[in-house]
Amino acid sequence: DQQVKQNSPSLSVQEGRISILNCDYTNSMFDYFLWYKKYPAEGPTFLISISSIKDKNEDGRFTVFLNKSAKHLSLHIVPSQPGDSAVYFCAASVHEQGGKLIFGQGTELSVKP
Amino acid sequence: DSGVTQTPKHLITATGQRVTLRCSPRSGDLSVYWYQQSLDQGLQFLIQYYNGEERAKGNILERFSAQQFPDLHSELNLSSLELGDSALYFCASSPGSNTEAFFGQGTRLTVV
């Protein structure tokens, strides 16, 4: 049972435009959501997170939106840069279950110059 | 550099063997997590330790075990290895149990 889903395996965007990566979840107990970025041969790098009490969190070019009723979150990158090309994973956790993260399958973002 | 160190980076071993993967968390982090990433798979949570105690368990096989030592480093032991155990194994650490986790570079295990 895939509790966290990233339905787009890949996304291609032109440099300077907006990249929107989507993530859906099924477990309504999830109350903390994170995005990680991963380059080949490296471990995932934490990008940005959001608690379920918020619907938006912004950090520089990165904004995460949470729609609890739709069980959907998205990561917006504006403007996209070639260095953003990587695999992006969304992850979710339940506060009372500790920090165990449930990851989506990842979306490979390619930003073309 | 996340501050999480995993050794070795690569490991090639034969079926039936046993290996130990090691993880040193970031300084001050009490929680250590182990994840497995198989080919074309997302990261699957295996197990979490917090300050030496097992805190949460995921889809970890009985052939696998882990522990966290008093100095907070952790080891993941994989035994009776099968071809299907070939994967990237990541360790992550966090200060507590409910904050973002920082990942090491992973150990690539190849079972032949």
# chains A, B, ... in the order shown; residues from 1 in each chain; ligands from 1
$ residues_around --residues "region 24-35 of chain A" --least-positions-apart "2" --cutoff "8 Å" --atoms "only C-alpha atoms" --output "list in words"
Gln3, Val4, Lys5, Gln6, Asn22, Lys37, Phe46, Leu47, Ile48, Ser49, Ile50, Ser51, Ser52, Ile53, Lys71, His72, Leu73, Leu75, Tyr88, Phe89, Cys90, Ala91, Ala92, Ser93, Val94 and His95 of chain A; Glu100 of chain B
$ interface_residues --of "chain A" --to "chain B" --cutoff "8 Å" --atoms "only C-alpha atoms" --output "list in words"
Leu34, Ala41, Glu42, Gly43, Pro44, Thr45, Phe46, Ser49, His95, Gln97, Gly98, Gly99, Lys100, Leu101, Ile102, Phe103, Gly104, Gln105 and Gly106 of chain A
$ residues_around --residues "Leu109 (chain B)" --least-positions-apart "5" --cutoff "7 Å" --atoms "only C-alpha atoms" --output "PyMOL selection string"
chain B and resi 10-12+86-88
$ residues_around --residues "region 70-76 of chain B" --least-positions-apart "4" --cutoff "8 Å" --atoms "only C-alpha atoms" --output "JSON list (two decimals) with all heavy atoms, in the first residue's frame"
[["chain", "number", "residue", "atom", "x", "y", "z"],
["B", 20, "THR", "N", 28.16, -5.88, 7.61],
["B", 20, "THR", "CA", 27.80, -4.85, 8.59],
["B", 20, "THR", "C", 28.04, -3.49, 7.98],
["B", 20, "THR", "O", 29.14, -3.20, 7.48],
["B", 20, "THR", "CB", 28.65, -5.00, 9.87],
["B", 20, "THR", "OG1", 28.36, -6.25, 10.48],
["B", 20, "THR", "CG2", 28.31, -3.87, 10.86],
["B", 21, "LEU", "N", 27.00, -2.67, 8.00],
["B", 21, "LEU", "CA", 27.10, -1.31, 7.52],
["B", 21, "LEU", "C", 27.13, -0.39, 8.74],
["B", 21, "LEU", "O", 26.41, -0.60, 9.70],
["B", 21, "LEU", "CB", 25.87, -0.94, 6.65],
["B", 21, "LEU", "CG", 25.47, -1.95, 5.58],
["B", 21, "LEU", "CD1", 24.33, -1.41, 4.74],
["B", 21, "LEU", "CD2", 26.65, -2.31, 4.70],
["B", 22, "ARG", "N", 27.97, 0.64, 8.64],
["B", 22, "ARG", "CA", 28.18, 1.51, 9.79],
["B", 22, "ARG", "C", 27.74, 2.94, 9.50],
["B", 22, "ARG", "O", 27.88, 3.42, 8.38],
["B", 22, "ARG", "CB", 29.65, 1.49, 10.17],
["B", 22, "ARG", "CG", 30.00, 2.27, 11.41],
["B", 22, "ARG", "CD", 31.50, 2.34, 11.61],
["B", 22, "ARG", "NE", 31.84, 3.36, 12.59],
["B", 22, "ARG", "CZ", 32.11, 3.11, 13.88],
["B", 22, "ARG", "NH1", 32.10, 1.86, 14.31],
["B", 22, "ARG", "NH2", 32.39, 4.08, 14.72],
["B", 23, "CYS", "N", 27.23, 3.59, 10.53],
["B", 23, "CYS", "CA", 26.75, 4.97, 10.39],
["B", 23, "CYS", "C", 27.16, 5.79, 11.61],
["B", 23, "CYS", "O", 26.90, 5.39, 12.75],
["B", 23, "CYS", "CB", 25.23, 4.97, 10.27],
["B", 23, "CYS", "SG", 24.46, 6.61, 10.35],
["B", 24, "SER", "N", 27.77, 6.93, 11.34],
["B", 24, "SER", "CA", 28.04, 7.90, 12.41],
["B", 24, "SER", "C", 27.12, 9.09, 12.21],
["B", 24, "SER", "O", 27.20, 9.76, 11.17],
["B", 24, "SER", "CB", 29.50, 8.35, 12.36],
["B", 24, "SER", "OG", 30.36, 7.29, 12.67],
["B", 25, "PRO", "N", 26.24, 9.37, 13.15],
["B", 25, "PRO", "CA", 25.29, 10.47, 12.97],
["B", 25, "PRO", "C", 25.97, 11.83, 13.11],
["B", 25, "PRO", "O", 27.13, 11.91, 13.50],
["B", 25, "PRO", "CB", 24.28, 10.24, 14.10],
["B", 25, "PRO", "CG", 25.08, 9.56, 15.17],
["B", 25, "PRO", "CD", 26.08, 8.70, 14.44],
["B", 30, "LEU", "N", 20.45, 12.40, 18.26],
["B", 30, "LEU", "CA", 20.16, 11.21, 19.05],
["B", 30, "LEU", "C", 19.44, 10.12, 18.26],
["B", 30, "LEU", "O", 19.49, 8.95, 18.63],
["B", 30, "LEU", "CB", 19.30, 11.59, 20.27],
["B", 30, "LEU", "CG", 19.92, 12.57, 21.26],
["B", 30, "LEU", "CD1", 18.94, 12.89, 22.37],
["B", 30, "LEU", "CD2", 21.22, 12.02, 21.84],
["B", 32, "VAL", "N", 18.75, 7.83, 14.92],
["B", 32, "VAL", "CA", 19.36, 7.28, 13.71],
["B", 32, "VAL", "C", 18.30, 6.43, 13.01],
["B", 32, "VAL", "O", 17.57, 5.68, 13.66],
["B", 32, "VAL", "CB", 20.59, 6.41, 14.04],
["B", 32, "VAL", "CG1", 21.03, 5.63, 12.81],
["B", 32, "VAL", "CG2", 21.73, 7.27, 14.55],
["B", 34, "TRP", "N", 17.52, 3.95, 9.40],
["B", 34, "TRP", "CA", 18.05, 3.20, 8.26],
["B", 34, "TRP", "C", 16.96, 3.07, 7.20],
["B", 34, "TRP", "O", 15.80, 2.74, 7.54],
["B", 34, "TRP", "CB", 18.54, 1.82, 8.68],
["B", 34, "TRP", "CG", 19.81, 1.85, 9.46],
["B", 34, "TRP", "CD1", 19.96, 1.81, 10.82],
["B", 34, "TRP", "CD2", 21.15, 1.89, 8.92],
["B", 34, "TRP", "NE1", 21.29, 1.84, 11.16],
["B", 34, "TRP", "CE2", 22.03, 1.89, 10.01],
["B", 34, "TRP", "CE3", 21.67, 1.95, 7.63],
["B", 34, "TRP", "CZ2", 23.43, 1.93, 9.86],
["B", 34, "TRP", "CZ3", 23.04, 1.98, 7.48],
["B", 34, "TRP", "CH2", 23.91, 1.98, 8.57],
["B", 51, "ASN", "N", 18.62, 7.37, 20.95],
["B", 51, "ASN", "CA", 19.46, 7.33, 22.14],
["B", 51, "ASN", "C", 19.69, 5.89, 22.62],
["B", 51, "ASN", "O", 19.59, 5.60, 23.82],
["B", 51, "ASN", "CB", 18.83, 8.16, 23.26],
["B", 51, "ASN", "CG", 19.85, 8.63, 24.28],
["B", 51, "ASN", "OD1", 21.06, 8.64, 24.03],
["B", 51, "ASN", "ND2", 19.37, 8.99, 25.46],
["B", 52, "GLY", "N", 19.96, 5.01, 21.70],
["B", 52, "GLY", "CA", 20.31, 3.64, 22.03],
["B", 52, "GLY", "C", 19.14, 2.66, 22.05],
["B", 52, "GLY", "O", 19.37, 1.44, 22.12],
["B", 64, "PHE", "N", 17.81, -9.15, 8.95],
["B", 64, "PHE", "CA", 18.49, -7.87, 9.17],
["B", 64, "PHE", "C", 18.32, -7.48, 10.63],
["B", 64, "PHE", "O", 17.26, -7.69, 11.23],
["B", 64, "PHE", "CB", 17.90, -6.78, 8.29],
["B", 64, "PHE", "CG", 18.06, -6.96, 6.80],
["B", 64, "PHE", "CD1", 18.68, -8.07, 6.27],
["B", 64, "PHE", "CD2", 17.59, -5.99, 5.93],
["B", 64, "PHE", "CE1", 18.84, -8.22, 4.90],
["B", 64, "PHE", "CE2", 17.72, -6.13, 4.56],
["B", 64, "PHE", "CZ", 18.34, -7.25, 4.05],
["B", 65, "SER", "N", 19.34, -6.86, 11.18],
["B", 65, "SER", "CA", 19.23, -6.34, 12.54],
["B", 65, "SER", "C", 20.07, -5.08, 12.65],
["B", 65, "SER", "O", 20.94, -4.83, 11.81],
["B", 65, "SER", "CB", 19.69, -7.37, 13.57],
["B", 65, "SER", "OG", 21.08, -7.63, 13.40],
["B", 66, "ALA", "N", 19.79, -4.29, 13.65],
["B", 66, "ALA", "CA", 20.54, -3.06, 13.82],
["B", 66, "ALA", "C", 20.71, -2.79, 15.30],
["B", 66, "ALA", "O", 20.05, -3.39, 16.15],
["B", 66, "ALA", "CB", 19.82, -1.89, 13.16]]
$ select_by_dssp --residues "chain A" --states "helix (DSSP H, G or I)" --output "NGL selection string"
:A and (82-84 or 95-97)
$ write_last_selection --atoms "C-alpha atoms" --output "mmCIF file, in the first residue's frame"
data_model
loop_
_atom_site.group_PDB
_atom_site.id
_atom_site.type_symbol
_atom_site.label_atom_id
_atom_site.label_comp_id
_atom_site.auth_asym_id
_atom_site.auth_seq_id
_atom_site.Cartn_x
_atom_site.Cartn_y
_atom_site.Cartn_z
ATOM 1 C CA PRO A 82 19.711 24.006 -14.274
ATOM 2 C CA GLY A 83 21.284 23.136 -10.902
ATOM 3 C CA ASP A 84 17.822 22.157 -9.659
ATOM 4 C CA HIS A 95 4.305 12.987 14.946
ATOM 5 C CA GLU A 96 3.471 10.405 17.600
ATOM 6 C CA GLN A 97 5.262 7.679 15.632
#
$ atom_distance --atom1 "CA of Ile18 (chain A)" --atom2 "CA of Ser69 (chain A)"
24.5 Å
$ residues_around --residues "Ser80 (chain A)" --least-positions-apart "3" --cutoff "9 Å" --atoms "only C-alpha atoms" --output "count of residues only"
13
$ atom_distance --atom1 "CA of Thr13 (chain B)" --atom2 "CA of Ser79 (chain B)"
11.0 Å
